[in-house]
Structures are given as C-alpha cells and as structure tokens.
file coords-v1.cif (mmCIF, C-alpha atoms and all ligand atoms)
data_input
loop_
_atom_site.label_atom_id
_atom_site.label_comp_id
_atom_site.auth_asym_id
_atom_site.auth_seq_id
_atom_site.Cartn_x
_atom_site.Cartn_y
_atom_site.Cartn_z
CA MET A 137 0.00 0.00 0.00
CA GLU A 138 1.27 3.43 -0.87
CA GLU A 139 1.85 5.78 2.01
CA ALA A 140 0.77 9.39 1.92
CA ALA A 141 4.21 10.87 2.56
CA GLY A 142 4.52 12.84 5.74
CA CYS A 143 0.85 13.61 6.14
CA GLY A 144 0.44 11.44 9.21
CA LEU A 145 -3.08 10.54 8.16
CA CYS A 146 -2.57 7.02 6.99
CA GLY A 147 -2.69 5.15 10.26
CA VAL A 148 -4.49 4.49 13.46
CA LYS A 149 -2.85 5.88 16.57
CA VAL A 150 -3.31 4.24 19.92
CA MET A 151 -3.08 6.32 23.06
CA CYS A 152 -3.37 4.75 26.48
CA ARG A 153 -4.61 6.80 29.42
CA PHE A 154 -4.47 5.60 33.02
CA ARG A 155 -6.81 7.07 35.58
CA PRO A 156 -5.80 7.52 39.22
CA LEU A 157 -6.98 4.95 41.75
CA ASN A 158 -10.29 6.01 43.24
CA GLU A 159 -11.24 6.16 46.92
CA SER A 160 -12.60 2.64 47.17
CA GLU A 161 -9.61 1.13 45.35
CA ARG A 162 -7.22 2.92 47.69
CA SER A 163 -9.15 1.98 50.79
CA ARG A 164 -9.06 -1.70 49.89
CA GLY A 165 -5.30 -1.39 49.48
CA ASP A 166 -4.86 -1.39 45.69
CA LYS A 167 -1.46 -0.12 44.61
CA ASP A 168 -0.37 1.99 41.63
CA ILE A 169 1.43 -0.69 39.64
CA PRO A 170 2.18 0.85 36.24
CA LYS A 171 5.38 2.84 35.91
CA PHE A 172 5.75 5.41 33.19
CA ASN A 173 8.78 5.74 31.03
CA GLY A 174 8.96 8.69 28.64
CA GLU A 175 5.87 9.73 26.68
CA ASP A 176 5.10 6.40 25.07
CA THR A 177 5.93 3.54 27.42
CA VAL A 178 4.24 2.01 30.42
CA VAL A 179 5.98 -0.70 32.41
CA VAL A 180 3.86 -3.32 34.16
CA ALA A 181 5.49 -6.12 36.13
CA GLY A 182 8.83 -5.28 34.55
CA LYS A 183 7.47 -5.53 31.01
CA PRO A 184 7.38 -2.43 28.80
CA TYR A 185 4.32 -1.70 26.63
CA VAL A 186 4.76 0.93 23.95
CA PHE A 187 1.91 3.03 22.50
CA ASP A 188 1.85 6.12 20.32
CA ARG A 189 1.33 7.97 23.55
CA VAL A 190 0.86 7.04 27.18
CA LEU A 191 -0.93 9.38 29.57
CA ALA A 192 -0.16 8.89 33.24
CA PRO A 193 -2.80 9.34 35.96
CA ASP A 194 -1.77 12.92 36.66
CA SER A 195 -2.48 14.01 33.05
CA GLU A 196 -4.74 17.02 32.68
CA GLN A 197 -7.65 17.04 30.24
CA VAL A 198 -5.94 19.70 28.14
CA GLN A 199 -2.84 17.50 27.72
CA VAL A 200 -5.01 14.60 26.61
CA TYR A 201 -6.73 16.84 24.09
CA ASP A 202 -3.52 18.36 22.77
CA SER A 203 -1.75 15.05 22.35
CA CYS A 204 -4.65 12.86 21.17
CA ALA A 205 -7.29 14.96 19.45
CA LYS A 206 -6.08 18.37 18.35
CA GLN A 207 -4.32 17.12 15.23
CA ILE A 208 -7.32 15.03 14.18
CA VAL A 209 -9.53 18.11 14.40
CA LYS A 210 -7.04 20.02 12.23
CA ASP A 211 -7.08 17.22 9.67
CA VAL A 212 -10.88 17.08 9.68
CA LEU A 213 -11.06 20.82 9.14
CA GLY A 214 -8.67 20.27 6.23
CA GLY A 215 -11.20 17.93 4.62
CA TYR A 216 -10.19 14.50 5.88
CA ASN A 217 -12.36 12.13 7.86
CA GLY A 218 -11.36 11.50 11.45
CA THR A 219 -12.59 9.27 14.24
CA ILE A 220 -11.79 9.23 17.93
CA PHE A 221 -12.82 6.01 19.58
CA ALA A 222 -12.62 5.35 23.32
CA TYR A 223 -12.33 1.75 24.40
CA GLY A 224 -11.97 0.31 27.87
CA GLN A 225 -13.75 -1.53 30.62
CA THR A 226 -16.50 0.10 32.65
CA ALA A 227 -15.18 2.79 35.01
CA SER A 228 -11.81 2.99 33.25
CA GLY A 229 -12.39 6.65 32.34
CA LYS A 230 -13.92 6.77 28.84
CA THR A 231 -16.67 9.23 29.69
CA HIS A 232 -14.29 11.33 31.75
CA THR A 233 -11.90 11.47 28.79
CA MET A 234 -14.45 12.05 26.02
CA GLU A 235 -16.93 14.31 27.83
CA GLY A 236 -15.53 15.21 31.25
CA SER A 237 -17.35 18.08 32.92
CA LEU A 238 -18.90 19.69 29.86
CA HIS A 239 -19.11 23.16 31.37
CA SER A 240 -15.79 23.36 33.25
CA PRO A 241 -12.89 24.94 31.33
CA ARG A 242 -10.31 22.78 33.16
CA LEU A 243 -12.23 19.52 33.41
CA MET A 244 -13.98 19.45 30.05
CA GLY A 245 -13.00 16.46 27.93
CA ILE A 246 -12.30 15.90 24.27
CA ILE A 247 -15.78 16.51 22.82
CA PRO A 248 -16.34 20.00 24.24
CA ARG A 249 -12.79 20.96 23.25
CA ILE A 250 -13.40 19.73 19.70
CA SER A 251 -16.57 21.81 19.51
CA GLN A 252 -14.67 24.88 20.66
CA ASP A 253 -11.87 24.29 18.13
CA ILE A 254 -14.29 23.79 15.25
CA PHE A 255 -16.15 27.00 15.99
CA ASP A 256 -12.92 28.96 16.58
CA HIS A 257 -11.80 27.81 13.16
CA ILE A 258 -15.06 28.92 11.56
CA TYR A 259 -15.07 32.29 13.33
CA ALA A 260 -11.56 32.89 11.96
CA MET A 261 -12.61 32.27 8.37
CA ASP A 262 -13.95 34.61 5.71
CA GLU A 263 -17.30 35.85 6.95
CA ASN A 264 -18.84 35.30 3.52
CA LEU A 265 -18.45 31.56 3.87
CA GLU A 266 -21.44 29.77 5.31
CA PHE A 267 -21.10 26.64 7.39
CA HIS A 268 -23.81 24.21 8.40
CA ILE A 269 -22.91 22.08 11.37
CA LYS A 270 -25.13 19.24 12.44
CA VAL A 271 -24.81 17.00 15.47
CA SER A 272 -26.29 13.57 16.03
CA TYR A 273 -26.15 11.62 19.25
CA PHE A 274 -27.00 7.94 19.42
CA GLU A 275 -26.08 4.89 21.44
CA ILE A 276 -25.57 1.28 20.50
CA TYR A 277 -27.28 -0.78 23.14
CA LEU A 278 -27.70 -4.55 22.81
CA ASP A 279 -26.67 -4.24 19.16
CA LYS A 280 -29.43 -1.75 18.38
CA ILE A 281 -28.92 1.89 17.48
CA ARG A 282 -31.08 4.22 19.60
CA ASP A 283 -31.44 7.87 18.75
CA LEU A 284 -30.78 9.83 21.94
CA LEU A 285 -32.40 12.94 20.49
CA ASP A 286 -35.63 11.11 19.63
CA VAL A 287 -36.34 8.09 21.84
CA SER A 288 -39.05 6.85 19.48
CA LYS A 289 -36.23 5.81 17.10
CA THR A 290 -34.98 2.63 18.73
CA ASN A 291 -33.58 0.45 15.95
CA LEU A 292 -31.94 2.56 13.28
CA ALA A 293 -30.01 1.02 10.41
CA VAL A 294 -26.52 1.75 9.14
CA HIS A 295 -26.40 2.51 5.41
CA GLU A 296 -23.70 3.65 3.05
CA ASP A 297 -23.93 6.79 0.96
CA LYS A 298 -22.89 6.89 -2.68
CA ASN A 299 -19.25 7.38 -1.62
CA ARG A 300 -19.52 4.27 0.57
CA VAL A 301 -19.38 6.37 3.75
CA PRO A 302 -21.49 4.74 6.47
CA PHE A 303 -24.28 6.73 8.11
CA VAL A 304 -27.15 6.04 10.46
CA LYS A 305 -30.34 6.31 8.43
CA GLY A 306 -33.07 8.45 9.91
CA CYS A 307 -30.96 9.65 12.84
CA THR A 308 -31.97 13.06 14.19
CA GLU A 309 -29.61 15.82 13.14
CA ARG A 310 -29.59 19.11 15.01
CA PHE A 311 -28.19 22.27 13.51
CA VAL A 312 -25.86 24.01 15.95
CA SER A 313 -24.25 27.42 15.73
CA SER A 314 -22.04 27.60 18.83
CA PRO A 315 -20.14 25.30 21.21
CA ASN A 316 -22.81 25.95 23.83
CA GLU A 317 -25.48 24.63 21.51
CA VAL A 318 -23.45 21.44 21.08
CA MET A 319 -23.31 21.08 24.89
CA ASP A 320 -27.07 21.61 25.10
CA VAL A 321 -27.66 18.79 22.61
CA ILE A 322 -25.33 16.49 24.58
CA ASP A 323 -27.04 17.37 27.87
CA GLU A 324 -30.40 16.60 26.29
CA GLY A 325 -29.23 13.27 24.82
CA LYS A 326 -27.44 12.11 27.97
CA ALA A 327 -30.74 12.19 29.82
CA ASN A 328 -32.00 9.57 27.34
CA ARG A 329 -29.11 7.14 27.64
CA HIS A 330 -30.23 3.64 28.37
CA VAL A 331 -27.99 2.25 31.08
CA ALA A 332 -25.40 4.85 31.86
CA VAL A 333 -22.67 2.41 32.86
CA THR A 334 -22.80 0.05 29.91
CA SER A 335 -23.93 2.03 26.90
CA GLN A 336 -21.64 3.17 24.16
CA TYR A 337 -22.04 6.41 22.38
CA CYS A 338 -21.09 8.06 19.17
CA TYR A 339 -21.11 11.59 17.92
CA TYR A 340 -20.43 12.92 14.55
CA TYR A 341 -20.08 16.29 13.04
CA CYS A 342 -20.83 17.24 9.46
CA TYR A 343 -19.57 20.42 7.99
CA TYR A 344 -19.66 21.91 4.56
P1 LIG B 1 -16.29 4.81 31.87
O1 LIG B 1 -17.02 5.84 31.07
O2 LIG B 1 -15.10 4.23 31.18
O3 LIG B 1 -17.19 3.74 32.41
P2 LIG B 1 -15.88 7.00 33.74
O4 LIG B 1 -15.32 8.02 32.82
O5 LIG B 1 -17.30 7.18 34.15
O6 LIG B 1 -15.65 5.52 33.17
O7 LIG B 1 -14.91 6.98 35.01
C1 LIG B 1 -15.23 6.28 36.22
C2 LIG B 1 -14.96 7.19 37.41
O8 LIG B 1 -13.57 7.53 37.48
C3 LIG B 1 -15.71 8.51 37.33
O9 LIG B 1 -16.12 8.87 38.64
C4 LIG B 1 -14.67 9.49 36.81
O10 LIG B 1 -14.93 10.81 37.21
C5 LIG B 1 -13.38 8.95 37.42
N1 LIG B 1 -12.24 9.21 36.53
C6 LIG B 1 -12.02 8.64 35.34
N2 LIG B 1 -10.87 9.07 34.78
C7 LIG B 1 -10.35 9.95 35.67
C8 LIG B 1 -9.17 10.76 35.69
N3 LIG B 1 -8.28 10.74 34.67
N4 LIG B 1 -8.96 11.55 36.76
C9 LIG B 1 -9.84 11.57 37.79
N5 LIG B 1 -10.98 10.85 37.83
C10 LIG B 1 -11.23 10.05 36.80
MG MG B 2 -18.98 5.91 30.46
#
call {"tool": "encode", "arguments": {"input": "coords-v1.cif", "output": "structure tokens", "more": "lines below"}}
Ligand code: ADP
Ligand code: MG
result
Amino acid sequence: MEEAAGCGLCGVKVMCRFRPLNESERSRGDKDIPKFNGEDTVVVAGKPYVFDRVLAPDSEQVQVYDSCAKQIVKDVLGGYNGTIFAYGQTASGKTHTMEGSLHSPRLMGIIPRISQDIFDHIYAMDENLEFHIKVSYFEIYLDKIRDLLDVSKTNLAVHEDKNRVPFVKGCTERFVSSPNEVMDVIDEGKANRHVAVTSQYCYYYCYY
C-alpha cells in the first residue's frame, strides 16, 4: 500500500490513558502498579508496553486533548475524515476522557474541546463563507442503534452513501451554531441514555 508521505493521516494511533486509583480502590489497598517511562511507554510487572502515547494518571484534560485529538480536528477541518474512539472496561475513564465536565474549562474532555476548536476555526474564516454544522447523538445498546435525540427511534439502520461512507439512516440531526449549543444537545441526549454504565455512544459532526 502506498503511504501518503509525511501527512500522518494514513494510520491508526493508539493512546493509552491511566486514571488515578479512586477512593474505594485505595481503601481496599490497591497499589499503583504501572510505571511510566517517557511519553510512550508504560511498564507493568517489569514488562514495557509501547503506544503512540501514554498518559499517566496525573495528566490534565488539556494535555489529553492536545496530544490525542487536536491534530485530528485540524485534519478534519482540512477535509479528511477522522474518528476518535474510546475503548476500555466500565469505570476505566472513557466518559471522563471524552466528555468530562462539559461546562468546566479545566475539566472538560475531548468533545467539548473539539466543539470549541471547530467553531474557533469557523469564526476565523472569511465571513462570507457559510457553514452548516449538524450534530447527532446515538447509542448502541444490545446491538441496536437508539437515537438519543428522539427516543421513538430505537432500531436505526446503518447505510452507506454513494461514496460508501457509512451513516445512520433516519438519525436526528440538530443544527448548531455555537459550542454551547453542542453542549445543550449532549445534555439533552445524555438524559435519554439507556444504562449509563454500559452504553456506548457516538457523535459525529458534518460540515460543509
Ligand atoms: P467509563 O465511562 O469508562 O465507564 P468514567 O469516565 O465514568 O468511566 O470513570 C469512572 C470514574 O472515574 C468517574 O467517577 C470518573 O470521574 C473517574 N475518573 C475517570 N478518569 C479519571 C481521571 N483521569 N482523573 C480523575 N478521575 C477520573
Ligand atoms: Mg462511560
């Protein structure tokens, strides 16, 4: 396969974030076992594991955003597709990383920071250009796609458009014109999530 020279867009990057032990883990005597070595290596039981980036428990949300998401947003704004996917067992920190505290400048996670970056980019552009930004919010629960912005849509199908790009057919799309409006849509959809601890979630942004 031919590589797109130097563009950095041709691969998947894997970042590994560790959260701090919580109160109950500490009180039952759990110990911090992983040791961190440089920016990309974690050592567990003497064995090194190398990722594109490792984020130790003391990492701030802004560091996570800058090292894991900022470049993807830049690439998306340059016309490429980008996906950020959080994977991990329950209570490992996916929601904290992706959403965090939506309305706190320090504790907000990746999604609110992406919204801010996208709108900053648009505000900086020629004012004669018009952008339409739509947000959808759905969860996959027991293999079924549920629309979190319209709970009557409980089993939506994935289709492909004429460019073979997958999309969720019939999913509600909300037009948004500021980062705050994105947060409002997320707040609204969160209230409709099925089982908060086990559901998965996806967001996507369209822009023209
Ligand atoms: P998940 O979505 O993977 O099930 P959560 O994001 O809900 O897990 O995290 C579980 C708990 O741990 C939450 O109370 C969350 O606030 C806390 N937590 C997760 N990551 C961190 C972190 N990096 N720093 C501090 N607290 C965290
Ligand atoms: Mg979660």
call {"tool": "residues_near_point", "arguments": {"input": "coords-v1.cif", "point": "(-9.5, 20.4, 34.4)", "cutoff": "7 Å", "atoms": "only C-alpha atoms", "output": "list of chain:residue names"}}
result
A:Glu196, A:Gln197, A:Pro241, A:Arg242, A:Leu243, A:Met244
call {"tool": "atom_distance", "arguments": {"input": "coords-v1.cif", "atom1": "CA of Asp168 in chain A", "atom2": "atom P2 of ligand LIG 1 (chain B)"}}
result
18.1 Å
call {"tool": "residues_near_ligand", "arguments": {"input": "coords-v1.cif", "ligand": "ligand LIG 1 (chain B)", "cutoff": "10 Å", "atoms": "only C-alpha atoms and all ligand atoms", "output": "PyMOL selection string"}}
result
chain A and resi 153-159+191-197+200+222-237+243+332-336
call {"tool": "atom_distance", "arguments": {"input": "coords-v1.cif", "atom1": "CA of His330 in chain A", "atom2": "CA of Lys280 in chain A"}}
result
11.4 Å
call {"tool": "axis_aligned_box", "arguments": {"input": "coords-v1.cif", "around": "range 322-328 of chain A", "padding_each_side": "8 Å", "output": "JSON"}}
result
{"center_x": -28.7, "center_y": 13.5, "center_z": 27.2, "size_x": 22.7, "size_y": 23.8, "size_z": 21.2}
call {"tool": "closest_residue", "arguments": {"input": "coords-v1.cif", "among": "A:Arg249, A:Arg189, A:His295, A:His268", "to": "Val150 in chain A", "atoms": "all atoms listed in the file"}}
result
A:Arg189
call {"tool": "closest_residue", "arguments": {"input": "coords-v1.cif", "among": "A:His239, A:Lys326, A:Lys183, A:Arg162", "to": "ligand MG 2 (chain B)", "atoms": "only C-alpha atoms and all ligand atoms"}}
result
A:Lys326
call {"tool": "closest_residue", "arguments": {"input": "coords-v1.cif", "among": "A:Glu275, A:Asp297, A:Glu309, A:Asp283", "to": "ligand MG 2 (chain B)", "atoms": "all atoms listed in the file"}}
result
A:Glu275
call {"tool": "atom_distance", "arguments": {"input": "coords-v1.cif", "atom1": "CA of Asn264 in chain A", "atom2": "CA of Gly215 in chain A"}}
result
19.0 Å
call {"tool": "closest_residue", "arguments": {"input": "coords-v1.cif", "among": "A:Phe221, A:Phe267, A:Tyr273, A:Tyr185", "to": "Ile208 in chain A", "atoms": "only C-alpha atoms"}}
result
A:Phe221
call {"tool": "closest_residue", "arguments": {"input": "coords-v1.cif", "among": "A:Pro302, A:Gly245, A:Pro315, A:Gly147", "to": "Asp202 in chain A", "atoms": "all atoms listed in the file"}}
result
A:Gly245
call {"tool": "residues_near_point", "arguments": {"input": "coords-v1.cif", "point": "(-9.0, 14.7, 18.3)", "cutoff": "9 Å", "atoms": "all atoms listed in the file", "output": "ChimeraX atom specification"}}
result
/A:201-210,218-220,246-247,249-250
call {"tool": "closest_residue", "arguments": {"input": "coords-v1.cif", "among": "A:Ser272, A:Leu285, A:Glu324, A:Ala293", "to": "Phe311 in chain A", "atoms": "all atoms listed in the file"}}
result
A:Ser272
